[in-house]
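Here is the file work.txt (compact mmCIF, N, CA and C atoms).
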```txt
# COMPACT_ATOMS: atom_id res chain seq x y z
N VAL A 122 -18.67 -2.99 -2.47
CA VAL A 122 -17.44 -3.70 -2.15
C VAL A 122 -16.22 -2.79 -2.34
N ASN A 123 -16.21 -1.99 -3.41
CA ASN A 123 -15.04 -1.17 -3.73
C ASN A 123 -14.67 -0.24 -2.57
N MET A 124 -15.63 0.59 -2.18
CA MET A 124 -15.34 1.55 -1.12
C MET A 124 -15.27 0.85 0.23
N GLY A 125 -15.83 -0.33 0.34
CA GLY A 125 -15.75 -1.08 1.58
C GLY A 125 -14.30 -1.34 1.97
N ILE A 126 -13.48 -1.71 0.99
CA ILE A 126 -12.06 -1.96 1.25
C ILE A 126 -11.39 -0.67 1.71
N PHE A 127 -11.62 0.41 0.98
CA PHE A 127 -11.04 1.70 1.32
C PHE A 127 -11.46 2.13 2.72
N ASP A 128 -12.76 2.00 3.00
CA ASP A 128 -13.28 2.38 4.31
C ASP A 128 -12.68 1.54 5.43
N GLN A 129 -12.57 0.24 5.21
CA GLN A 129 -12.00 -0.65 6.23
C GLN A 129 -10.56 -0.25 6.55
N ILE A 130 -9.80 0.03 5.51
CA ILE A 130 -8.39 0.37 5.72
C ILE A 130 -8.27 1.74 6.38
N THR A 131 -9.06 2.69 5.91
CA THR A 131 -9.03 4.03 6.51
C THR A 131 -9.41 3.96 7.98
N ASP A 132 -10.45 3.19 8.29
CA ASP A 132 -10.86 3.03 9.69
C ASP A 132 -9.75 2.39 10.51
N ALA A 133 -9.12 1.37 9.95
CA ALA A 133 -8.05 0.66 10.66
C ALA A 133 -6.86 1.58 10.93
N LEU A 134 -6.66 2.55 10.05
CA LEU A 134 -5.54 3.47 10.21
C LEU A 134 -5.88 4.65 11.11
N GLY A 135 -7.10 4.68 11.61
CA GLY A 135 -7.43 5.72 12.58
C GLY A 135 -8.31 6.81 12.05
N GLY A 136 -9.08 6.52 11.02
CA GLY A 136 -10.03 7.51 10.53
C GLY A 136 -9.63 8.09 9.21
N GLY A 137 -10.36 9.08 8.78
CA GLY A 137 -10.18 9.61 7.45
C GLY A 137 -9.66 11.03 7.41
N ASP A 138 -8.73 11.40 8.29
CA ASP A 138 -8.21 12.76 8.22
C ASP A 138 -7.40 12.94 6.94
N SER A 139 -7.03 14.15 6.64
CA SER A 139 -6.41 14.43 5.34
C SER A 139 -5.07 13.72 5.16
N GLN A 140 -4.26 13.60 6.21
CA GLN A 140 -2.99 12.90 6.07
C GLN A 140 -3.23 11.44 5.75
N GLN A 141 -4.20 10.81 6.43
CA GLN A 141 -4.51 9.41 6.15
C GLN A 141 -5.02 9.24 4.72
N SER A 142 -5.82 10.18 4.27
CA SER A 142 -6.34 10.11 2.91
C SER A 142 -5.21 10.21 1.90
N VAL A 143 -4.26 11.11 2.15
CA VAL A 143 -3.11 11.25 1.26
C VAL A 143 -2.29 9.96 1.25
N VAL A 144 -2.05 9.41 2.44
CA VAL A 144 -1.28 8.16 2.54
C VAL A 144 -1.99 7.04 1.79
N MET A 145 -3.31 6.93 1.97
CA MET A 145 -4.06 5.88 1.30
C MET A 145 -4.00 6.05 -0.20
N GLN A 146 -4.14 7.28 -0.67
CA GLN A 146 -4.06 7.52 -2.11
C GLN A 146 -2.67 7.15 -2.62
N LEU A 147 -1.63 7.51 -1.89
CA LEU A 147 -0.27 7.17 -2.29
C LEU A 147 -0.06 5.65 -2.30
N ALA A 148 -0.60 4.98 -1.30
CA ALA A 148 -0.47 3.51 -1.24
C ALA A 148 -1.15 2.86 -2.44
N MET A 149 -2.35 3.33 -2.79
CA MET A 149 -3.06 2.79 -3.94
C MET A 149 -2.30 3.09 -5.23
N ASN A 150 -1.80 4.33 -5.36
CA ASN A 150 -1.03 4.70 -6.55
C ASN A 150 0.24 3.87 -6.66
N LEU A 151 0.90 3.67 -5.53
CA LEU A 151 2.12 2.87 -5.52
C LEU A 151 1.84 1.45 -5.99
N LEU A 152 0.78 0.87 -5.48
CA LEU A 152 0.41 -0.48 -5.92
C LEU A 152 0.14 -0.51 -7.42
N GLN A 153 -0.57 0.46 -7.91
CA GLN A 153 -0.88 0.51 -9.34
C GLN A 153 0.41 0.64 -10.16
N GLN A 154 1.31 1.52 -9.73
CA GLN A 154 2.56 1.75 -10.46
C GLN A 154 3.48 0.54 -10.41
N GLN A 155 3.40 -0.24 -9.34
CA GLN A 155 4.24 -1.43 -9.21
C GLN A 155 3.67 -2.61 -9.99
N GLY A 156 2.51 -2.45 -10.59
CA GLY A 156 1.90 -3.56 -11.31
C GLY A 156 0.97 -4.38 -10.44
N GLY A 157 0.38 -3.74 -9.45
CA GLY A 157 -0.56 -4.42 -8.57
C GLY A 157 0.14 -5.15 -7.45
N VAL A 158 -0.62 -5.99 -6.77
CA VAL A 158 -0.08 -6.73 -5.63
C VAL A 158 1.08 -7.62 -6.07
N GLN A 159 0.92 -8.27 -7.24
CA GLN A 159 1.97 -9.17 -7.73
C GLN A 159 3.28 -8.41 -7.97
N GLY A 160 3.19 -7.21 -8.55
CA GLY A 160 4.38 -6.40 -8.79
C GLY A 160 5.06 -5.98 -7.50
N LEU A 161 4.25 -5.59 -6.52
CA LEU A 161 4.81 -5.21 -5.22
C LEU A 161 5.45 -6.42 -4.54
N LEU A 162 4.81 -7.57 -4.67
CA LEU A 162 5.34 -8.81 -4.13
C LEU A 162 6.73 -9.08 -4.70
N GLU A 163 6.86 -8.94 -6.01
CA GLU A 163 8.16 -9.17 -6.67
C GLU A 163 9.20 -8.16 -6.20
N GLN A 164 8.80 -6.90 -6.05
CA GLN A 164 9.72 -5.86 -5.58
C GLN A 164 10.26 -6.21 -4.20
N PHE A 165 9.40 -6.64 -3.30
CA PHE A 165 9.83 -7.01 -1.96
C PHE A 165 10.70 -8.27 -1.99
N GLN A 166 10.34 -9.23 -2.83
CA GLN A 166 11.13 -10.46 -2.93
C GLN A 166 12.54 -10.16 -3.42
N GLN A 167 12.66 -9.26 -4.39
CA GLN A 167 13.98 -8.89 -4.91
C GLN A 167 14.85 -8.24 -3.85
N ASN A 168 14.22 -7.68 -2.84
CA ASN A 168 14.96 -7.02 -1.77
C ASN A 168 15.02 -7.87 -0.50
N GLY A 169 14.80 -9.18 -0.65
CA GLY A 169 14.95 -10.11 0.46
C GLY A 169 13.83 -10.08 1.48
N MET A 170 12.66 -9.55 1.09
CA MET A 170 11.55 -9.45 2.03
C MET A 170 10.31 -10.20 1.54
N GLY A 171 10.52 -11.28 0.82
CA GLY A 171 9.42 -12.06 0.30
C GLY A 171 8.52 -12.63 1.38
N ASP A 172 9.14 -13.11 2.47
CA ASP A 172 8.34 -13.67 3.57
C ASP A 172 7.45 -12.61 4.21
N LEU A 173 7.98 -11.40 4.31
CA LEU A 173 7.25 -10.30 4.92
C LEU A 173 5.97 -10.00 4.14
N ILE A 174 6.11 -9.75 2.84
CA ILE A 174 4.93 -9.39 2.06
C ILE A 174 4.02 -10.60 1.84
N SER A 175 4.59 -11.79 1.81
CA SER A 175 3.76 -12.99 1.69
C SER A 175 2.82 -13.13 2.89
N SER A 176 3.26 -12.64 4.05
CA SER A 176 2.40 -12.69 5.24
C SER A 176 1.17 -11.78 5.06
N TRP A 177 1.31 -10.71 4.28
CA TRP A 177 0.18 -9.81 4.04
C TRP A 177 -0.80 -10.44 3.05
N VAL A 178 -0.25 -11.13 2.05
CA VAL A 178 -1.08 -11.76 1.03
C VAL A 178 -1.80 -12.97 1.62
N GLY A 179 -1.08 -13.76 2.43
CA GLY A 179 -1.65 -14.96 3.02
C GLY A 179 -2.77 -14.65 3.99
N THR A 180 -3.39 -15.70 4.46
CA THR A 180 -4.55 -15.53 5.33
C THR A 180 -4.19 -15.46 6.82
N GLY A 181 -2.91 -15.63 7.16
CA GLY A 181 -2.49 -15.56 8.56
C GLY A 181 -2.24 -14.13 9.00
N ALA A 182 -1.57 -13.98 10.13
CA ALA A 182 -1.26 -12.66 10.69
C ALA A 182 -0.28 -11.91 9.79
N ASN A 183 -0.45 -10.61 9.70
CA ASN A 183 0.45 -9.77 8.92
C ASN A 183 1.68 -9.41 9.73
N GLN A 184 2.87 -9.61 9.14
CA GLN A 184 4.09 -9.13 9.78
C GLN A 184 4.13 -7.61 9.60
N SER A 185 4.66 -6.93 10.60
CA SER A 185 4.75 -5.47 10.51
C SER A 185 5.89 -5.07 9.58
N LEU A 186 5.76 -3.89 9.03
CA LEU A 186 6.73 -3.33 8.10
C LEU A 186 7.36 -2.11 8.75
N SER A 187 8.67 -2.14 8.92
CA SER A 187 9.34 -0.96 9.49
C SER A 187 9.59 0.06 8.39
N THR A 188 9.80 1.29 8.79
CA THR A 188 10.07 2.34 7.80
C THR A 188 11.39 2.03 7.07
N GLU A 189 12.35 1.42 7.76
CA GLU A 189 13.62 1.06 7.13
C GLU A 189 13.42 -0.01 6.06
N GLN A 190 12.57 -1.01 6.36
CA GLN A 190 12.29 -2.05 5.39
C GLN A 190 11.59 -1.47 4.17
N LEU A 191 10.65 -0.57 4.40
CA LEU A 191 9.93 0.06 3.30
C LEU A 191 10.89 0.84 2.42
N GLN A 192 11.77 1.60 3.04
CA GLN A 192 12.73 2.40 2.29
C GLN A 192 13.66 1.49 1.48
N SER A 193 14.06 0.39 2.07
CA SER A 193 14.93 -0.56 1.39
C SER A 193 14.21 -1.20 0.20
N ALA A 194 12.96 -1.57 0.39
CA ALA A 194 12.20 -2.25 -0.67
C ALA A 194 11.91 -1.33 -1.85
N LEU A 195 11.58 -0.07 -1.55
CA LEU A 195 11.19 0.85 -2.62
C LEU A 195 12.36 1.61 -3.21
N GLY A 196 13.39 1.82 -2.41
CA GLY A 196 14.54 2.58 -2.87
C GLY A 196 14.36 4.07 -2.59
N SER A 197 15.47 4.75 -2.34
CA SER A 197 15.40 6.15 -1.93
C SER A 197 14.87 7.05 -3.04
N SER A 198 15.14 6.74 -4.31
CA SER A 198 14.64 7.61 -5.38
C SER A 198 13.11 7.52 -5.47
N ARG A 199 12.56 6.33 -5.28
CA ARG A 199 11.11 6.16 -5.32
C ARG A 199 10.47 6.88 -4.13
N ILE A 200 11.09 6.77 -2.95
CA ILE A 200 10.58 7.47 -1.77
C ILE A 200 10.60 8.97 -2.02
N SER A 201 11.68 9.50 -2.60
CA SER A 201 11.76 10.93 -2.89
C SER A 201 10.65 11.37 -3.84
N GLU A 202 10.36 10.56 -4.86
CA GLU A 202 9.27 10.87 -5.78
C GLU A 202 7.94 10.94 -5.05
N LEU A 203 7.71 9.98 -4.16
CA LEU A 203 6.46 9.95 -3.41
C LEU A 203 6.33 11.16 -2.49
N VAL A 204 7.44 11.54 -1.84
CA VAL A 204 7.42 12.71 -0.96
C VAL A 204 7.10 13.97 -1.76
N GLN A 205 7.74 14.10 -2.92
CA GLN A 205 7.50 15.28 -3.75
C GLN A 205 6.06 15.36 -4.23
N GLY A 206 5.44 14.21 -4.48
CA GLY A 206 4.07 14.18 -4.96
C GLY A 206 3.04 14.37 -3.86
N SER A 207 3.49 14.36 -2.62
CA SER A 207 2.56 14.52 -1.49
C SER A 207 2.90 15.82 -0.77
N GLN A 208 2.16 16.11 0.25
CA GLN A 208 2.50 17.27 1.08
C GLN A 208 2.94 16.78 2.46
N LEU A 209 3.59 15.62 2.46
CA LEU A 209 4.03 15.01 3.71
C LEU A 209 5.55 15.06 3.79
N SER A 210 6.06 15.02 5.01
CA SER A 210 7.50 14.87 5.18
C SER A 210 7.86 13.41 4.87
N GLU A 211 9.13 13.15 4.68
CA GLU A 211 9.56 11.77 4.42
C GLU A 211 9.18 10.86 5.57
N ASN A 212 9.35 11.33 6.81
CA ASN A 212 8.99 10.51 7.97
C ASN A 212 7.50 10.22 8.01
N GLN A 213 6.66 11.23 7.73
CA GLN A 213 5.21 11.02 7.71
C GLN A 213 4.84 10.01 6.62
N LEU A 214 5.45 10.16 5.47
CA LEU A 214 5.16 9.27 4.35
C LEU A 214 5.56 7.83 4.68
N LEU A 215 6.78 7.65 5.15
CA LEU A 215 7.26 6.30 5.46
C LEU A 215 6.43 5.67 6.58
N SER A 216 6.14 6.44 7.61
CA SER A 216 5.35 5.93 8.71
C SER A 216 3.95 5.54 8.25
N GLY A 217 3.33 6.42 7.47
CA GLY A 217 1.98 6.15 6.97
C GLY A 217 1.93 4.94 6.06
N LEU A 218 2.86 4.87 5.11
CA LEU A 218 2.88 3.74 4.17
C LEU A 218 3.24 2.43 4.86
N SER A 219 4.11 2.48 5.88
CA SER A 219 4.47 1.24 6.57
C SER A 219 3.29 0.68 7.35
N ASP A 220 2.34 1.55 7.73
CA ASP A 220 1.09 1.08 8.34
C ASP A 220 0.07 0.66 7.28
N ALA A 221 -0.02 1.45 6.21
CA ALA A 221 -1.08 1.26 5.22
C ALA A 221 -0.84 0.06 4.31
N LEU A 222 0.38 -0.12 3.82
CA LEU A 222 0.62 -1.16 2.82
C LEU A 222 0.27 -2.57 3.30
N PRO A 223 0.69 -2.99 4.50
CA PRO A 223 0.31 -4.34 4.93
C PRO A 223 -1.20 -4.53 4.98
N GLN A 224 -1.92 -3.51 5.46
CA GLN A 224 -3.38 -3.62 5.56
C GLN A 224 -4.02 -3.60 4.18
N LEU A 225 -3.51 -2.75 3.30
CA LEU A 225 -4.06 -2.65 1.96
C LEU A 225 -3.87 -3.96 1.20
N VAL A 226 -2.66 -4.49 1.22
CA VAL A 226 -2.39 -5.76 0.52
C VAL A 226 -3.23 -6.87 1.12
N ASP A 227 -3.35 -6.89 2.44
CA ASP A 227 -4.15 -7.91 3.12
C ASP A 227 -5.61 -7.84 2.66
N LYS A 228 -6.18 -6.64 2.63
CA LYS A 228 -7.58 -6.48 2.23
C LYS A 228 -7.80 -6.80 0.76
N LEU A 229 -6.78 -6.53 -0.07
CA LEU A 229 -6.91 -6.78 -1.50
C LEU A 229 -6.68 -8.24 -1.88
N THR A 230 -6.26 -9.04 -0.91
CA THR A 230 -6.01 -10.47 -1.18
C THR A 230 -6.76 -11.32 -0.16
N PRO A 231 -8.10 -11.22 -0.13
CA PRO A 231 -8.87 -11.91 0.92
C PRO A 231 -8.75 -13.43 0.87
N ASP A 232 -8.47 -13.98 -0.31
CA ASP A 232 -8.35 -15.44 -0.41
C ASP A 232 -6.91 -15.91 -0.37
N GLY A 233 -5.98 -14.99 -0.06
CA GLY A 233 -4.57 -15.36 0.06
C GLY A 233 -3.84 -15.48 -1.26
N GLN A 234 -4.40 -14.90 -2.33
CA GLN A 234 -3.74 -14.95 -3.64
C GLN A 234 -3.69 -13.55 -4.24
N ALA A 235 -2.56 -13.24 -4.86
CA ALA A 235 -2.34 -11.90 -5.39
C ALA A 235 -3.21 -11.57 -6.60
N SER A 236 -3.55 -12.53 -7.42
CA SER A 236 -4.28 -12.21 -8.66
C SER A 236 -5.65 -11.61 -8.37
N THR A 237 -6.37 -12.15 -7.41
CA THR A 237 -7.67 -11.58 -7.04
C THR A 237 -7.49 -10.17 -6.50
N GLY A 238 -6.42 -9.96 -5.77
CA GLY A 238 -6.14 -8.63 -5.24
C GLY A 238 -5.99 -7.60 -6.34
N ASP A 239 -5.40 -8.00 -7.46
CA ASP A 239 -5.24 -7.06 -8.56
C ASP A 239 -6.59 -6.66 -9.13
N ASP A 240 -7.54 -7.59 -9.21
CA ASP A 240 -8.88 -7.26 -9.66
C ASP A 240 -9.53 -6.28 -8.68
N LEU A 241 -9.40 -6.56 -7.39
CA LEU A 241 -9.96 -5.67 -6.38
C LEU A 241 -9.26 -4.32 -6.40
N LEU A 242 -7.96 -4.32 -6.68
CA LEU A 242 -7.21 -3.07 -6.75
C LEU A 242 -7.79 -2.20 -7.85
N LYS A 243 -8.04 -2.80 -9.02
CA LYS A 243 -8.61 -2.02 -10.13
C LYS A 243 -9.97 -1.46 -9.75
N GLN A 244 -10.79 -2.26 -9.09
CA GLN A 244 -12.11 -1.79 -8.65
C GLN A 244 -11.95 -0.66 -7.63
N GLY A 245 -11.06 -0.86 -6.68
CA GLY A 245 -10.83 0.15 -5.64
C GLY A 245 -10.30 1.44 -6.21
N LEU A 246 -9.37 1.34 -7.16
CA LEU A 246 -8.83 2.54 -7.78
C LEU A 246 -9.90 3.27 -8.56
N GLY A 247 -10.77 2.51 -9.23
CA GLY A 247 -11.87 3.14 -9.96
C GLY A 247 -12.78 3.91 -9.01
N ALA A 248 -13.08 3.31 -7.87
CA ALA A 248 -13.93 3.96 -6.88
C ALA A 248 -13.23 5.17 -6.27
N LEU A 249 -11.95 5.03 -5.98
CA LEU A 249 -11.19 6.13 -5.37
C LEU A 249 -11.06 7.32 -6.30
N SER A 250 -10.95 7.04 -7.60
CA SER A 250 -10.74 8.14 -8.55
C SER A 250 -11.90 9.13 -8.52
N LYS A 251 -13.05 8.70 -8.06
CA LYS A 251 -14.20 9.60 -7.96
C LYS A 251 -14.03 10.63 -6.85
N PHE A 252 -13.14 10.32 -5.90
CA PHE A 252 -12.95 11.20 -4.74
C PHE A 252 -11.76 12.13 -4.88
N PHE A 253 -10.86 11.82 -5.82
CA PHE A 253 -9.63 12.63 -5.92
C PHE A 253 -9.53 13.29 -7.28
```

Full structure transcribed into C-alpha cells:
Amino acid sequence: VNMGIFDQITDALGGGDSQQSVVMQLAMNLLQQQGGVQGLLEQFQQNGMGDLISSWVGTGANQSLSTEQLQSALGSSRISELVQGSQLSENQLLSGLSDALPQLVDKLTPDGQASTGDDLLKQGLGALSKFF
C-alpha cells in the first residue's frame, strides 16, 4: 500500500524521471513539515483557499492549484527554502508542486478525511525514506 500511493502519483505526474522524483520528495517533505494533511489544510485555509484544498481531501473532483495560489499559500520565504533544497528553478518547483500536491493530498485521503491521510503519509514517508 505504501509504495502504491507513491507509484500512483508518480505515474499520474508522467512517470518517474528525476525531476518528478525530486518534486514528489519535496511534496512529501512539505506535508510532513506542515504537520500532515491537516496542517496543510490549515495553512491553505488561513490564506483563503480552504475550499480549494478541501476539494483535494474530499471524494469529489480536485480543483486545480495555480502556481500563484501555491506561492500565496506557502509564502515566498518557504518557496525560497524549497528551491534552495532542490536542484530545480523556482518555476519548475512551483509547477511541479502545483501538480503534485492536489494528487498527493487526494491519494492520502481516500475516505475524504484528513486524519487517515496523516497515517498514510507516515507510512508513505517511511517507504520513501528507503529510496532517498

Gap from atom C of Ile200 (chain A) to atom N of Leu214 (chain A) - Å, one decimal: 9.2 Å

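The spacing separating CA of Val178 (chain A) from atom C of Val144 (chain A) amounts to 18.8 Å.
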
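The spacing separating atom C of Gln164 (chain A) from atom N of Gln140 (chain A) amounts to 26.7 Å.
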
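With all atoms listed in the file as the atoms that count, the minimum distance from Leu218 (chain A) to the choices A:Gln234, A:Ser201, A:Ser176, A:Thr188 is reached by A:Thr188.
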
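If only N, CA and C atoms are the atoms counted, then among A:Gln155, A:Glu163, A:Gly171, A:Gly179 the closest residue to Asp227 (chain A) is A:Gly179.
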
Counting all atoms listed in the file, the residue of A:Gln205, A:Ser219, A:Ser210, A:Thr180 that sits nearest Asp232 (chain A): A:Thr180

From A:Leu162, A:Ala182, A:Leu147, A:Leu173, residue lying nearest Leu215 (chain A) [only C-alpha atoms]: A:Leu147

Near-Ser193 (chain A) list (9 Å; only C-alpha atoms; drop same-chain fewer than 4 positions) as a ChimeraX atom specification: /A:165,168,188-189,197

So that I have them on file, write out the residues from the current selection with N, CA and C atoms, as a short mmCIF file (atom, residue, chain, number, x, y, z; two decimals), in the coordinates of the input.
```cif
data_model
loop_
_atom_site.label_atom_id
_atom_site.label_comp_id
_atom_site.auth_asym_id
_atom_site.auth_seq_id
_atom_site.Cartn_x
_atom_site.Cartn_y
_atom_site.Cartn_z
N PHE A 165 9.40 -6.64 -3.30
CA PHE A 165 9.83 -7.01 -1.96
C PHE A 165 10.70 -8.27 -1.99
N ASN A 168 14.22 -7.68 -2.84
CA ASN A 168 14.96 -7.02 -1.77
C ASN A 168 15.02 -7.87 -0.50
N THR A 188 9.80 1.29 8.79
CA THR A 188 10.07 2.34 7.80
C THR A 188 11.39 2.03 7.07
N GLU A 189 12.35 1.42 7.76
CA GLU A 189 13.62 1.06 7.13
C GLU A 189 13.42 -0.01 6.06
N SER A 197 15.47 4.75 -2.34
CA SER A 197 15.40 6.15 -1.93
C SER A 197 14.87 7.05 -3.04
#
```

Counting only C-alpha atoms, which residues of region 164-207 of chain A sit at most 9 Å from some atom of region 221-225 of chain A, and what is each one's closest atom pair with its distance in Å to one decimal, listed by chain and rising residue number, as CSV?
```
residue,atom,partner,partner_atom,distance
A:Ile174,CA,A:Pro223,CA,7.4
A:Ser176,CA,A:Pro223,CA,8.6
A:Trp177,CA,A:Pro223,CA,5.5
A:Val178,CA,A:Pro223,CA,8.5
A:Asn183,CA,A:Pro223,CA,6.7
A:Gln184,CA,A:Pro223,CA,7.8
A:Ser185,CA,A:Pro223,CA,7.2
A:Leu186,CA,A:Pro223,CA,7.2
```

Every residue of region 179-239 of chain A that DSSP places in helix (DSSP H, G or I), as an mmCIF file with N, CA and C atoms, keeping the file's coordinate frame:
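Dumped everything to part-v1.cif:
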```cif
data_model
loop_
_atom_site.group_PDB
_atom_site.id
_atom_site.type_symbol
_atom_site.label_atom_id
_atom_site.label_comp_id
_atom_site.auth_asym_id
_atom_site.auth_seq_id
_atom_site.Cartn_x
_atom_site.Cartn_y
_atom_site.Cartn_z
ATOM 1 N N THR A 188 9.800 1.290 8.790
ATOM 2 C CA THR A 188 10.070 2.340 7.800
ATOM 3 C C THR A 188 11.390 2.030 7.070
ATOM 4 N N GLU A 189 12.350 1.420 7.760
ATOM 5 C CA GLU A 189 13.620 1.060 7.130
ATOM 6 C C GLU A 189 13.420 -0.010 6.060
ATOM 7 N N GLN A 190 12.570 -1.010 6.360
ATOM 8 C CA GLN A 190 12.290 -2.050 5.390
ATOM 9 C C GLN A 190 11.590 -1.470 4.170
ATOM 10 N N LEU A 191 10.650 -0.570 4.400
ATOM 11 C CA LEU A 191 9.930 0.060 3.300
ATOM 12 C C LEU A 191 10.890 0.840 2.420
ATOM 13 N N GLN A 192 11.770 1.600 3.040
ATOM 14 C CA GLN A 192 12.730 2.400 2.290
ATOM 15 C C GLN A 192 13.660 1.490 1.480
ATOM 16 N N SER A 193 14.060 0.390 2.070
ATOM 17 C CA SER A 193 14.930 -0.560 1.390
ATOM 18 C C SER A 193 14.210 -1.200 0.200
ATOM 19 N N ALA A 194 12.960 -1.570 0.390
ATOM 20 C CA ALA A 194 12.200 -2.250 -0.670
ATOM 21 C C ALA A 194 11.910 -1.330 -1.850
ATOM 22 N N LEU A 195 11.580 -0.070 -1.550
ATOM 23 C CA LEU A 195 11.190 0.850 -2.620
ATOM 24 C C LEU A 195 12.360 1.610 -3.210
ATOM 25 N N SER A 197 15.470 4.750 -2.340
ATOM 26 C CA SER A 197 15.400 6.150 -1.930
ATOM 27 C C SER A 197 14.870 7.050 -3.040
ATOM 28 N N SER A 198 15.140 6.740 -4.310
ATOM 29 C CA SER A 198 14.640 7.610 -5.380
ATOM 30 C C SER A 198 13.110 7.520 -5.470
ATOM 31 N N ARG A 199 12.560 6.330 -5.280
ATOM 32 C CA ARG A 199 11.110 6.160 -5.320
ATOM 33 C C ARG A 199 10.470 6.880 -4.130
ATOM 34 N N ILE A 200 11.090 6.770 -2.950
ATOM 35 C CA ILE A 200 10.580 7.470 -1.770
ATOM 36 C C ILE A 200 10.600 8.970 -2.020
ATOM 37 N N SER A 201 11.680 9.500 -2.600
ATOM 38 C CA SER A 201 11.760 10.930 -2.890
ATOM 39 C C SER A 201 10.650 11.370 -3.840
ATOM 40 N N GLU A 202 10.360 10.560 -4.860
ATOM 41 C CA GLU A 202 9.270 10.870 -5.780
ATOM 42 C C GLU A 202 7.940 10.940 -5.050
ATOM 43 N N LEU A 203 7.710 9.980 -4.160
ATOM 44 C CA LEU A 203 6.460 9.950 -3.410
ATOM 45 C C LEU A 203 6.330 11.160 -2.490
ATOM 46 N N VAL A 204 7.440 11.540 -1.840
ATOM 47 C CA VAL A 204 7.420 12.710 -0.960
ATOM 48 C C VAL A 204 7.100 13.970 -1.760
ATOM 49 N N GLN A 205 7.740 14.100 -2.920
ATOM 50 C CA GLN A 205 7.500 15.280 -3.750
ATOM 51 C C GLN A 205 6.060 15.360 -4.230
ATOM 52 N N GLY A 206 5.440 14.210 -4.480
ATOM 53 C CA GLY A 206 4.070 14.180 -4.960
ATOM 54 C C GLY A 206 3.040 14.370 -3.860
ATOM 55 N N GLU A 211 9.130 13.150 4.680
ATOM 56 C CA GLU A 211 9.560 11.770 4.420
ATOM 57 C C GLU A 211 9.180 10.860 5.570
ATOM 58 N N ASN A 212 9.350 11.330 6.810
ATOM 59 C CA ASN A 212 8.990 10.510 7.970
ATOM 60 C C ASN A 212 7.500 10.220 8.010
ATOM 61 N N GLN A 213 6.660 11.230 7.730
ATOM 62 C CA GLN A 213 5.210 11.020 7.710
ATOM 63 C C GLN A 213 4.840 10.010 6.620
ATOM 64 N N LEU A 214 5.450 10.160 5.470
ATOM 65 C CA LEU A 214 5.160 9.270 4.350
ATOM 66 C C LEU A 214 5.560 7.830 4.680
ATOM 67 N N LEU A 215 6.780 7.650 5.150
ATOM 68 C CA LEU A 215 7.260 6.300 5.460
ATOM 69 C C LEU A 215 6.430 5.670 6.580
ATOM 70 N N SER A 216 6.140 6.440 7.610
ATOM 71 C CA SER A 216 5.350 5.930 8.710
ATOM 72 C C SER A 216 3.950 5.540 8.250
ATOM 73 N N GLY A 217 3.330 6.420 7.470
ATOM 74 C CA GLY A 217 1.980 6.150 6.970
ATOM 75 C C GLY A 217 1.930 4.940 6.060
ATOM 76 N N LEU A 218 2.860 4.870 5.110
ATOM 77 C CA LEU A 218 2.880 3.740 4.170
ATOM 78 C C LEU A 218 3.240 2.430 4.860
ATOM 79 N N SER A 219 4.110 2.480 5.880
ATOM 80 C CA SER A 219 4.470 1.240 6.570
ATOM 81 C C SER A 219 3.290 0.680 7.350
ATOM 82 N N ASP A 220 2.340 1.550 7.730
ATOM 83 C CA ASP A 220 1.090 1.080 8.340
ATOM 84 C C ASP A 220 0.070 0.660 7.280
ATOM 85 N N ALA A 221 -0.020 1.450 6.210
ATOM 86 C CA ALA A 221 -1.080 1.260 5.220
ATOM 87 C C ALA A 221 -0.840 0.060 4.310
ATOM 88 N N LEU A 222 0.380 -0.120 3.820
ATOM 89 C CA LEU A 222 0.620 -1.160 2.820
ATOM 90 C C LEU A 222 0.270 -2.570 3.300
ATOM 91 N N PRO A 223 0.690 -2.990 4.500
ATOM 92 C CA PRO A 223 0.310 -4.340 4.930
ATOM 93 C C PRO A 223 -1.200 -4.530 4.980
ATOM 94 N N GLN A 224 -1.920 -3.510 5.460
ATOM 95 C CA GLN A 224 -3.380 -3.620 5.560
ATOM 96 C C GLN A 224 -4.020 -3.600 4.180
ATOM 97 N N LEU A 225 -3.510 -2.750 3.300
ATOM 98 C CA LEU A 225 -4.060 -2.650 1.960
ATOM 99 C C LEU A 225 -3.870 -3.960 1.200
ATOM 100 N N VAL A 226 -2.660 -4.490 1.220
ATOM 101 C CA VAL A 226 -2.390 -5.760 0.520
ATOM 102 C C VAL A 226 -3.230 -6.870 1.120
ATOM 103 N N ASP A 227 -3.350 -6.890 2.440
ATOM 104 C CA ASP A 227 -4.150 -7.910 3.120
ATOM 105 C C ASP A 227 -5.610 -7.840 2.660
ATOM 106 N N LYS A 228 -6.180 -6.640 2.630
ATOM 107 C CA LYS A 228 -7.580 -6.480 2.230
ATOM 108 C C LYS A 228 -7.800 -6.800 0.760
ATOM 109 N N LEU A 229 -6.780 -6.530 -0.070
ATOM 110 C CA LEU A 229 -6.910 -6.780 -1.500
ATOM 111 C C LEU A 229 -6.680 -8.240 -1.880
ATOM 112 N N ALA A 235 -2.560 -13.240 -4.860
ATOM 113 C CA ALA A 235 -2.340 -11.900 -5.390
ATOM 114 C C ALA A 235 -3.210 -11.570 -6.600
ATOM 115 N N SER A 236 -3.550 -12.530 -7.420
ATOM 116 C CA SER A 236 -4.280 -12.210 -8.660
ATOM 117 C C SER A 236 -5.650 -11.610 -8.370
ATOM 118 N N THR A 237 -6.370 -12.150 -7.410
ATOM 119 C CA THR A 237 -7.670 -11.580 -7.040
ATOM 120 C C THR A 237 -7.490 -10.170 -6.500
ATOM 121 N N GLY A 238 -6.420 -9.960 -5.770
ATOM 122 C CA GLY A 238 -6.140 -8.630 -5.240
ATOM 123 C C GLY A 238 -5.990 -7.600 -6.340
ATOM 124 N N ASP A 239 -5.400 -8.000 -7.460
ATOM 125 C CA ASP A 239 -5.240 -7.060 -8.560
ATOM 126 C C ASP A 239 -6.590 -6.660 -9.130
#
```
